[in-house]
Structure formats: structure tokens, C-alpha cells
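Next up, final22.cif (mmCIF, C-alpha atoms and all ligand atoms):
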```cif
data_work
loop_
_atom_site.label_atom_id
_atom_site.label_comp_id
_atom_site.auth_asym_id
_atom_site.auth_seq_id
_atom_site.Cartn_x
_atom_site.Cartn_y
_atom_site.Cartn_z
CA MET Q 1 62.55 14.08 108.85
CA THR Q 2 66.11 15.04 108.00
CA GLU Q 3 67.92 17.55 110.19
CA PRO Q 4 67.99 21.07 108.74
CA VAL Q 5 71.39 22.06 107.33
CA TYR Q 6 70.86 25.71 106.42
CA CYS Q 7 69.94 28.95 108.13
CA ASP Q 8 69.23 32.58 107.15
CA LEU Q 9 70.38 35.25 109.57
CA HIS Q 10 69.43 38.42 107.70
CA MET Q 11 65.92 39.45 106.65
CA HIS Q 12 63.47 42.31 107.04
CA SER Q 13 59.81 42.30 108.03
CA THR Q 14 57.01 44.87 107.84
CA HIS Q 15 58.49 46.35 111.03
CA SER Q 16 61.08 48.03 108.80
CA ASP Q 17 61.20 47.92 105.00
CA GLY Q 18 60.18 44.35 104.24
CA THR Q 19 56.72 43.38 102.97
CA ASP Q 20 56.14 40.17 104.97
CA ALA Q 21 54.93 40.12 108.58
CA PRO Q 22 57.35 38.47 111.03
CA ARG Q 23 55.18 35.37 111.25
CA ARG Q 24 55.14 35.03 107.46
CA LEU Q 25 58.95 35.07 107.39
CA VAL Q 26 59.00 32.14 109.76
CA GLU Q 27 56.45 30.30 107.63
CA ILE Q 28 58.59 30.74 104.52
CA ALA Q 29 61.66 29.60 106.46
CA ALA Q 30 59.77 26.49 107.57
CA GLU Q 31 58.67 25.80 103.97
CA GLN Q 32 62.30 26.10 102.91
CA GLY Q 33 63.40 23.68 105.60
CA LEU Q 34 65.64 26.21 107.35
CA GLY Q 35 66.53 25.28 110.90
CA ILE Q 36 67.45 28.69 112.33
CA ILE Q 37 66.67 32.25 111.25
CA ALA Q 38 66.96 35.78 112.58
CA VAL Q 39 64.72 38.70 111.63
CA THR Q 40 66.97 41.76 111.45
CA ASP Q 41 64.85 44.87 110.97
CA HIS Q 42 66.49 48.27 110.61
CA ASP Q 43 66.96 49.94 114.00
CA THR Q 44 64.10 48.10 115.69
CA THR Q 45 63.61 44.85 117.58
CA THR Q 46 59.81 44.97 117.62
CA ALA Q 47 59.43 42.01 115.22
CA VAL Q 48 61.48 39.62 117.33
CA GLU Q 49 58.77 38.54 119.75
CA GLU Q 50 56.21 37.66 117.08
CA ALA Q 51 58.86 35.83 115.05
CA GLN Q 52 60.02 33.82 118.06
CA ALA Q 53 56.46 32.86 118.96
CA ALA Q 54 55.83 31.70 115.39
CA GLY Q 55 59.14 29.87 115.45
CA ARG Q 56 58.14 27.87 118.52
CA GLU Q 57 54.94 26.90 116.79
CA LEU Q 58 56.46 26.01 113.43
CA GLY Q 59 59.67 24.37 114.60
CA VAL Q 60 62.11 27.03 113.40
CA ARG Q 61 64.58 28.42 115.90
CA VAL Q 62 64.43 32.24 115.79
CA LEU Q 63 67.40 34.14 117.20
CA SER Q 64 66.82 37.73 118.24
CA GLY Q 65 68.21 40.13 115.66
CA VAL Q 66 68.51 43.75 114.52
CA GLU Q 67 70.39 45.72 111.84
CA ILE Q 68 71.64 49.03 113.16
CA SER Q 69 72.67 51.91 110.89
CA VAL Q 70 75.82 53.38 112.34
CA GLU Q 71 78.06 56.20 111.26
CA HIS Q 72 81.57 55.60 110.05
CA HIS Q 73 83.61 58.46 108.59
CA GLY Q 74 80.39 60.30 107.76
CA ARG Q 75 78.94 57.31 105.97
CA THR Q 76 76.40 54.70 106.96
CA VAL Q 77 77.58 51.21 107.82
CA HIS Q 78 75.25 48.39 108.88
CA LEU Q 79 75.92 46.44 112.03
CA LEU Q 80 73.91 43.33 112.86
CA GLY Q 81 73.13 42.43 116.46
CA TYR Q 82 72.10 38.91 117.51
CA CYS Q 83 71.08 36.90 120.56
CA PHE Q 84 70.55 39.89 122.84
CA ASP Q 85 67.55 38.42 124.67
CA SER Q 86 69.01 38.96 128.13
CA GLY Q 87 69.49 42.74 127.68
CA ALA Q 88 66.92 43.55 125.02
CA GLY Q 89 65.52 46.41 127.13
CA ARG Q 90 68.77 48.31 127.13
CA LEU Q 91 69.25 47.86 123.42
CA GLU Q 92 65.68 49.02 122.82
CA SER Q 93 66.19 52.26 124.73
CA ALA Q 94 69.27 53.04 122.67
CA LEU Q 95 67.28 52.36 119.50
CA ALA Q 96 64.46 54.57 120.81
CA ALA Q 97 66.98 57.41 121.19
CA LEU Q 98 67.97 56.92 117.55
CA LEU Q 99 64.36 57.16 116.46
CA GLU Q 100 63.82 60.30 118.52
CA GLY Q 101 66.94 61.86 116.97
CA ARG Q 102 65.65 60.98 113.53
CA ASN Q 103 62.26 62.60 114.19
CA LYS Q 104 63.92 65.73 115.50
CA ARG Q 105 66.12 65.84 112.40
CA ASN Q 106 63.12 65.37 110.14
CA ARG Q 107 61.35 68.40 111.63
CA LEU Q 108 64.47 70.50 111.09
CA ILE Q 109 64.69 69.43 107.45
CA ILE Q 110 61.09 70.60 106.91
CA LYS Q 111 61.91 73.91 108.55
CA LYS Q 112 64.97 74.40 106.34
CA LEU Q 113 63.02 73.52 103.21
CA ASN Q 114 60.22 75.90 104.13
CA ASP Q 115 62.72 78.66 104.95
CA LEU Q 116 64.15 78.13 101.44
CA GLY Q 117 60.66 78.65 100.06
CA VAL Q 118 59.99 75.00 99.26
CA PRO Q 119 56.38 74.41 100.33
CA VAL Q 120 56.54 70.78 101.45
CA THR Q 121 54.77 69.66 104.65
CA TYR Q 122 55.67 66.91 107.09
CA GLU Q 123 52.29 65.31 106.43
CA GLU Q 124 53.23 64.93 102.76
CA VAL Q 125 56.52 63.30 103.74
CA GLU Q 126 54.80 60.98 106.20
CA ARG Q 127 52.35 59.95 103.50
CA GLU Q 128 55.30 58.84 101.37
CA ALA Q 129 56.57 56.75 104.29
CA GLY Q 130 53.19 55.01 104.57
CA GLY Q 131 53.41 54.54 108.32
CA LYS Q 132 57.07 53.46 108.27
CA VAL Q 133 60.01 55.28 109.80
CA VAL Q 134 60.49 58.55 107.90
CA GLY Q 135 63.80 58.86 106.10
CA ARG Q 136 65.35 61.13 103.54
CA PRO Q 137 64.11 59.03 100.60
CA HIS Q 138 60.55 59.99 101.66
CA PHE Q 139 61.50 63.66 101.65
CA ALA Q 140 62.89 63.15 98.17
CA ALA Q 141 59.65 61.52 97.02
CA ALA Q 142 57.56 64.35 98.47
CA LEU Q 143 59.81 66.95 96.83
CA LEU Q 144 59.45 65.20 93.50
CA LYS Q 145 55.68 64.98 93.83
CA SER Q 146 55.40 68.67 94.72
CA GLY Q 147 57.37 69.58 91.60
CA ALA Q 148 60.20 71.18 93.57
CA VAL Q 149 62.67 68.86 91.83
CA GLN Q 150 62.67 66.83 88.62
CA SER Q 151 64.15 63.64 90.07
CA LEU Q 152 64.85 61.87 93.35
CA GLN Q 153 68.56 62.31 92.76
CA GLU Q 154 68.08 66.05 92.28
CA ALA Q 155 66.27 66.15 95.63
CA PHE Q 156 69.36 64.67 97.27
CA ASP Q 157 71.91 66.72 95.32
CA GLN Q 158 70.10 70.02 95.87
CA TYR Q 159 68.69 69.59 99.33
CA LEU Q 160 69.08 66.35 101.24
CA ALA Q 161 72.60 64.98 100.75
CA THR Q 162 75.44 65.93 103.08
CA GLY Q 163 76.20 69.53 102.12
CA GLY Q 164 72.75 69.98 100.52
CA ARG Q 165 70.80 73.14 101.32
CA ALA Q 166 68.39 71.42 103.69
CA PHE Q 167 70.79 68.83 105.09
CA VAL Q 168 70.57 68.20 108.81
CA ASP Q 169 72.73 65.70 110.66
CA ARG Q 170 71.06 63.17 112.91
CA LEU Q 171 72.05 61.29 116.02
CA ALA Q 172 73.90 58.16 115.01
CA PHE Q 173 76.16 55.79 116.89
CA SER Q 174 79.68 55.04 115.79
CA LEU Q 175 80.57 51.48 114.85
CA LYS Q 176 82.45 51.12 118.10
CA ASP Q 177 79.57 52.47 120.22
CA ALA Q 178 77.07 50.20 118.51
CA VAL Q 179 79.30 47.14 119.00
CA GLY Q 180 79.41 48.06 122.70
CA MET Q 181 75.64 48.52 122.82
CA VAL Q 182 74.96 45.08 121.38
CA ARG Q 183 77.45 43.47 123.72
CA GLU Q 184 76.04 45.21 126.77
CA ALA Q 185 72.70 43.71 125.81
CA GLY Q 186 74.32 40.28 125.95
CA GLY Q 187 74.38 39.99 122.18
CA VAL Q 188 76.90 39.41 119.43
CA ALA Q 189 77.74 42.25 117.02
CA VAL Q 190 78.34 41.29 113.40
CA LEU Q 191 79.59 43.42 110.54
CA ALA Q 192 76.87 43.27 107.84
CA HIS Q 193 77.61 42.75 104.12
CA PRO Q 194 81.28 43.78 104.48
CA LYS Q 195 81.64 44.38 100.77
CA GLN Q 196 79.24 47.32 101.10
CA VAL Q 197 81.20 48.99 103.88
CA ARG Q 198 82.24 52.39 102.66
CA LEU Q 199 85.75 52.85 103.90
CA GLY Q 200 87.29 56.09 105.01
CA PRO Q 201 90.41 57.47 103.35
CA ASP Q 202 93.52 55.37 104.10
CA GLU Q 203 91.39 52.57 105.50
CA ASN Q 204 91.19 49.01 104.28
CA LEU Q 205 88.58 46.43 105.12
CA GLU Q 206 90.88 43.90 106.71
CA THR Q 207 92.36 46.49 109.07
CA LEU Q 208 88.89 47.72 109.97
CA VAL Q 209 87.77 44.16 110.73
CA LYS Q 210 90.88 43.55 112.80
CA ASN Q 211 90.37 46.75 114.80
CA LEU Q 212 86.70 46.04 115.37
CA ALA Q 213 87.49 42.49 116.47
CA GLU Q 214 89.78 44.00 119.09
CA THR Q 215 86.95 46.21 120.36
CA GLY Q 216 84.37 43.44 120.66
CA LEU Q 217 83.00 42.65 117.22
CA GLY Q 218 81.92 39.01 117.31
CA GLY Q 219 81.23 38.13 113.71
CA ILE Q 220 81.35 39.01 110.04
CA GLU Q 221 78.67 38.32 107.42
CA CYS Q 222 80.54 36.06 105.02
CA TYR Q 223 77.59 34.60 103.10
CA TYR Q 224 75.39 37.20 101.42
CA ASN Q 225 73.15 37.50 98.39
CA ASN Q 226 75.74 39.27 96.23
CA HIS Q 227 79.01 37.77 97.42
CA THR Q 228 81.04 35.87 94.84
CA PRO Q 229 82.62 32.61 96.04
CA GLU Q 230 85.95 34.46 96.13
CA GLU Q 231 84.51 37.22 98.32
CA THR Q 232 82.94 34.69 100.66
CA ALA Q 233 86.30 32.92 100.90
CA THR Q 234 88.08 36.19 101.71
CA PHE Q 235 85.60 37.02 104.48
CA LEU Q 236 85.78 33.48 105.87
CA LYS Q 237 89.53 33.94 106.03
CA TYR Q 238 89.10 37.17 108.01
CA ALA Q 239 86.70 35.39 110.37
CA GLU Q 240 89.22 32.66 111.00
CA LYS Q 241 92.16 35.03 111.33
CA TYR Q 242 90.50 37.40 113.79
CA GLY Q 243 88.45 34.90 115.80
CA LEU Q 244 85.07 36.01 114.48
CA THR Q 245 81.96 33.94 113.86
CA ALA Q 246 81.16 33.64 110.16
CA THR Q 247 77.49 34.43 109.58
CA GLY Q 248 75.27 34.87 106.56
CA GLY Q 249 71.86 35.71 105.26
CA SER Q 250 69.78 36.70 102.27
CA ASP Q 251 68.74 40.24 103.29
CA TYR Q 252 65.28 39.27 102.11
CA HIS Q 253 62.87 42.25 101.86
CA GLY Q 254 59.85 40.50 100.29
CA ALA Q 255 58.28 42.33 97.34
CA ASN Q 256 60.52 45.36 97.95
CA LYS Q 257 63.47 43.38 96.53
CA PRO Q 258 61.72 40.75 94.43
CA ASP Q 259 64.91 39.20 93.05
CA ILE Q 260 66.02 38.09 96.51
CA SER Q 261 64.54 34.97 98.11
CA LEU Q 262 64.54 34.07 101.76
CA GLY Q 263 67.19 31.44 102.40
CA THR Q 264 68.63 31.28 98.90
CA GLY Q 265 69.22 34.95 98.05
CA ARG Q 266 69.68 35.27 94.30
CA GLY Q 267 69.36 31.49 93.99
CA ASP Q 268 72.71 30.12 95.01
CA LEU Q 269 73.04 31.27 98.62
CA ARG Q 270 73.40 28.51 101.22
CA VAL Q 271 74.27 29.48 104.77
CA PRO Q 272 75.46 26.51 106.83
CA ILE Q 273 73.46 26.09 110.01
CA ALA Q 274 76.74 25.82 111.91
CA CYS Q 275 77.03 29.62 111.49
CA ALA Q 276 73.88 30.17 113.52
CA GLU Q 277 74.87 27.56 116.07
CA GLU Q 278 78.24 29.16 116.61
CA LEU Q 279 76.60 32.57 116.93
CA ALA Q 280 74.27 31.28 119.63
CA ARG Q 281 77.17 29.60 121.42
CA ARG Q 282 79.16 32.80 121.33
CA ALA Q 283 76.25 34.59 122.99
CA GLY Q 284 76.20 31.92 125.67
CA LEU Q 285 72.92 30.38 124.51
CA ALA Q 286 72.49 26.62 124.52
CA CYS Q 287 72.48 24.92 121.13
P1 LIG M 301 68.20 58.71 106.46
O1 LIG M 301 68.47 57.42 107.20
O2 LIG M 301 66.82 59.23 106.69
O3 LIG M 301 69.26 59.73 106.70
O4 LIG M 301 68.25 58.33 104.89
C1 LIG M 301 69.32 57.60 104.38
C2 LIG M 301 68.94 57.05 103.03
O5 LIG M 301 68.88 58.11 102.07
C3 LIG M 301 69.97 56.09 102.47
O6 LIG M 301 69.67 54.75 102.81
C4 LIG M 301 69.84 56.27 100.98
O7 LIG M 301 68.78 55.45 100.50
C5 LIG M 301 69.41 57.69 100.82
N1 LIG M 301 70.53 58.58 100.46
C6 LIG M 301 71.41 59.14 101.31
N2 LIG M 301 72.29 59.96 100.65
C7 LIG M 301 71.95 59.91 99.33
C8 LIG M 301 72.44 60.54 98.13
N3 LIG M 301 73.49 61.38 98.16
N4 LIG M 301 71.84 60.24 96.96
C9 LIG M 301 70.79 59.39 96.92
N5 LIG M 301 70.27 58.78 98.01
C10 LIG M 301 70.82 59.02 99.22
ZN ZN M 302 66.33 47.14 104.46
FE FE M 303 72.08 46.33 105.32
FE FE M 304 69.41 44.30 105.70
#
```
Please, can you express the file's structure as C-alpha cells?
Amino acid sequence: MTEPVYCDLHMHSTHSDGTDAPRRLVEIAAEQGLGIIAVTDHDTTTAVEEAQAAGRELGVRVLSGVEISVEHHGRTVHLLGYCFDSGAGRLESALAALLEGRNKRNRLIIKKLNDLGVPVTYEEVEREAGGKVVGRPHFAAALLKSGAVQSLQEAFDQYLATGGRAFVDRLAFSLKDAVGMVREAGGVAVLAHPKQVRLGPDENLETLVKNLAETGLGGIECYYNNHTPEETATFLKYAEKYGLTATGGSDYHGANKPDISLGTGRGDLRVPIACAEELARRAGLAC
């Protein structure tokens, strides 16, 4: 058998908004001949154990992973965390606090909506979430179904978006805090899909990357399903310049994003396995 040459360090399971169970992700990775993967569910690490167990069975190395939604200038930025096995407990309690803050926020949104005379119940919203973590898109779906709005966008514009009539802020970590959290757990923090980072006024991406590198960021996601070769080259240059590990992944979500395949993204993604090896080395894990 030839040695695997590719990896995929960004994918979602049924523990967040993907449609494949953790074990299934590992099976697909094995079918694709990937040597190393990481399952990076949104704000939860609960899939990691199952994925790692399947990985041991199927001969795929599975690094611990998570994708944390953090706040940056009032906008959401995604931070990946990897290889935090030694301090997973600490990371999990921080993520539990996030979830609690979200649930508290959700109850307040219902109260505001009801006070405005919109008769939507939390049960209706939960039904939209189908057992998953409840977010504003589920409120929007429930509002649409109840006839309170004509479209999902109207639900946001009228009620749910920042400044909307039923908007409630929720507990969120700053980029810097979340980088610290991942590091305290023994992991490596990586800026996810940098092209999607919504920058604040007077901010540019390179400066942000430089500043984050100075406060403990360990990597930048250079290979991604929608990066052009030029964009990948630019991010690889940042990685080199600021001493960061270049990482990459498909952001596979199963049937929820059917045009994106595990490993190959939109067809042409190839993430060198050296990315994953360097990530593990940076975390102090043996390769
Ligand atoms: P939550 O994490 O529950 O606050 O929900 C955040 C999600 O709501 C985002 O991932 C978007 O999908 C959606 N969202 C947030 N703001 C808007 C907006 N102004 N218009 C449409 N969708 C939005
Ligand atoms: Zn997702
Ligand atoms: Fe993301
Ligand atoms: Fe993702």
C-alpha cells in the first residue's frame, strides 16, 4: 500500500450541522485514502472520541478538532482548534458556557417576540432545529412558518439581526480569548477560511493575522474549498511570514452542502498531509 499523501482537517458531523455520523466521516476518509483527518464540529468536541475510535480501527489518524464561533468587531469569525487532547476538559467547560449563554439568549428572544405580540413558542423553534443546537436561523424558520414574516431574510431584518426588534446579544469569546482557550487546552488555534473573515473598519487581513500570531495563533487555513490558487498562495505566504502552520480542509457538511466532498472540496482541493503532521508537531504530539 502506498503512503497517504493528503489530509482533510475541516469537516462537520451530526454533532453539529453535518449529516454524517463521526464514524461515517472516518469511513469516507479511509475510502479516499486520506492519512489524517480532524472532525471540527461547531462549538462542540463531542464527536472527537467516536471519530478517534473509528480512526484506530480503520487506519486513519484522527486529530482532535473543533470550530469555535468567536466575536470580532460585532461579527462572527471561525477559529479552529486542534490537538487539544491533553486539556480537552477545560476546553469543553468553556464550550459548555457558550451553549448555556446561547440557551439563555434564546429564551430572551422568545420573550421579546411574545412581548411584541408575535405568538411563536420555543417548542416551535426547537422543532425547526430538529434536536440540534438552536440558533437564529431556526427562529427565522419558525417565524416564517407562523406567518409572522414573508421570508427568512425579513425575519432577520425585522427581528433577529443586530438592531432588530427582538435581537439579544449572546455570550461569545473574542478571537484573542478563544486562541488562549485552545492553547490552554494544549491545542493549536487556527484561523478558519481567512477569506471569510469579516474585517472591522481600518483593519486588513494581513495585519490581523500578524497580531493574532503574536498572541498565540498557531496556524492559518490556507487550503479550503473555495480558495483560488492565488488566494492559497497568499495565505501560504502569511503562514511562512508569521511562523504559522498552514492547514486546510474541505468543510464537508454531508448532504447539507452537497457540492462539497470530503477530502476534495469542490473537486480540486488537495491538502498535503505535511500540514497535519506539522500541526501535530506544533502541539507536541508525536508524528
Ligand atoms: P446564532 O449563532 O444563533 O446567533 O445565529 C447566527 C446565524 O444566523 C448565522 O450563522 C447566520 O446563518 C444567521 N444570520 C445572522 N445574521 C443574519 C442576517 N442579518 N441575515 C441573515 N442571516 C443571518
Ligand atoms: Zn457548519
Ligand atoms: Fe466555518
Ligand atoms: Fe466549518
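Using only C-alpha atoms and all ligand atoms for every distance, the candidate list Q:Thr207, Q:Thr247, Q:Asn114, Q:Asn103 yields Q:Asn103 as the residue closest to ligand LIG 301 (chain M).
Coordinates place CA of Ala246 in chain Q at a distance of 14.3 Å from CA of Leu269 in chain Q.
Ranking Q:Lys241, Q:His227, Q:His15, Q:His78 by their shortest atom-to-atom distance to Ala47 in chain Q, with all atoms listed in the file included, puts Q:His15 first.
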Spatial neighbours of Val66 in chain Q, 12 Å, only C-alpha atoms, chain gap at least 6 places, as a ChimeraX atom specification
/Q:9-13,15-16,38-48,78-85,88,91-92,95,178,181-182,187-192,251
Could you please extract the residues within 6 Å of ligand LIG 301 (chain M), counting all atoms listed in the file, and hand them back as an mmCIF file with C-alpha atoms, in the frame of the given file?
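The resulting selection.cif:
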```cif
data_model
loop_
_atom_site.group_PDB
_atom_site.id
_atom_site.type_symbol
_atom_site.label_atom_id
_atom_site.label_comp_id
_atom_site.auth_asym_id
_atom_site.auth_seq_id
_atom_site.Cartn_x
_atom_site.Cartn_y
_atom_site.Cartn_z
ATOM 1 C CA GLY Q 135 63.800 58.860 106.100
ATOM 2 C CA ARG Q 136 65.350 61.130 103.540
ATOM 3 C CA PRO Q 137 64.110 59.030 100.600
ATOM 4 C CA GLN Q 153 68.560 62.310 92.760
ATOM 5 C CA PHE Q 156 69.360 64.670 97.270
ATOM 6 C CA ALA Q 161 72.600 64.980 100.750
#
```
Report as a list in words all protein, DNA and RNA residues lying within 12 Å of Thr2 in chain Q, evaluated on only C-alpha atoms, omitting residues in the same chain fewer than 6 positions from it.
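Residues near the query, excluding close chain neighbours: Gly33, Leu34 and Gly35 of chain Q.
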Please dump the current selection as a PDB file, in the coordinates of the input; keep C-alpha atoms.
```pdb
ATOM      1  CA  GLY Q  33      63.400  23.680 105.600  1.00  0.00           C
ATOM      2  CA  LEU Q  34      65.640  26.210 107.350  1.00  0.00           C
ATOM      3  CA  GLY Q  35      66.530  25.280 110.900  1.00  0.00           C
TER       4      GLY Q  35
END
```
Rank nothing, just name the residue among Q:Ile28, Q:Val149, Q:Leu212, Q:Ile68 nearest to ligand ZN 302 (chain M), using only C-alpha atoms and all ligand atoms.
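For ligand ZN 302 (chain M), the nearest of the candidates is Q:Ile68.
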When you count all atoms listed in the file, which of these residues is closest to ligand ZN 302 (chain M): Q:Lys257, Q:Arg165, Q:Arg127, Q:Arg105?
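Using all atoms listed in the file, the shortest distance to ligand ZN 302 (chain M) belongs to Q:Lys257.
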Give the answer as one residue: which of Q:Gly200, Q:Pro194, Q:Gly130, Q:Pro229 has the shortest atom-to-atom distance to ligand FE 303 (chain M), using all atoms listed in the file?
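Ranked by minimum distance to ligand FE 303 (chain M), first place goes to Q:Pro194.
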Just checking: using all atoms listed in the file, which residue out of Q:Ala283, Q:Leu262, Q:Leu116, Q:Leu160 ends up closest to ligand FE 304 (chain M)?
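Among the listed residues, Q:Leu262 lies closest to ligand FE 304 (chain M).
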List the neighbours of Cys275 in chain Q out to 12 Å using only C-alpha atoms; skip same-chain residues closer than 6 positions along the sequence, and give me the result as a VMD selection string.
chain Q and resid 5 to 9 35 to 38 190 219 to 223 236 239 244 to 249 281 to 282 287
Could you give me the axis-aligned bounding box of range 67-83 of chain Q, with 8 Å of padding per side, as centre plus edge lengths in Å to one decimal, as lines of an AutoDock Vina configuration file?
```
center_x = 77.0
center_y = 48.6
center_z = 113.3
size_x = 29.2
size_y = 39.4
size_z = 30.6
```
Report the distance between CA of Gly267 in chain Q and CA of Glu3 in chain Q in Å, rounded to one decimal place.
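Rounded to one decimal, the two atoms are 21.4 Å apart.
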CA of Ala96 in chain Q and CA of Gly65 in chain Q are how many Å apart?
15.8 Å
Might you pull out every residue within 9 Å of His72 in chain Q, with all atoms listed in the file counted and same-chain residues fewer than 3 positions away left off, and present them as a compact mmCIF listing (two decimals) with C-alpha atoms, keeping the file's coordinate frame?
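And here is the file that came out, result.txt:
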```txt
# COMPACT_ATOMS: atom_id res chain seq x y z
CA ARG Q 75 78.94 57.31 105.97
CA THR Q 76 76.40 54.70 106.96
CA VAL Q 77 77.58 51.21 107.82
CA PHE Q 173 76.16 55.79 116.89
CA SER Q 174 79.68 55.04 115.79
CA LEU Q 175 80.57 51.48 114.85
CA ARG Q 198 82.24 52.39 102.66
CA LEU Q 199 85.75 52.85 103.90
CA GLY Q 200 87.29 56.09 105.01
```
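With all atoms listed in the file taken into account, the protein and nucleic acid residues at most 12 Å from Glu123 in chain Q (excluding it and anything under 6 positions from it in its own chain) are Asn106, Arg107, Ile110, Ala129, Gly130, Gly131, Val134, His138, Phe139 and Ala142 of chain Q.
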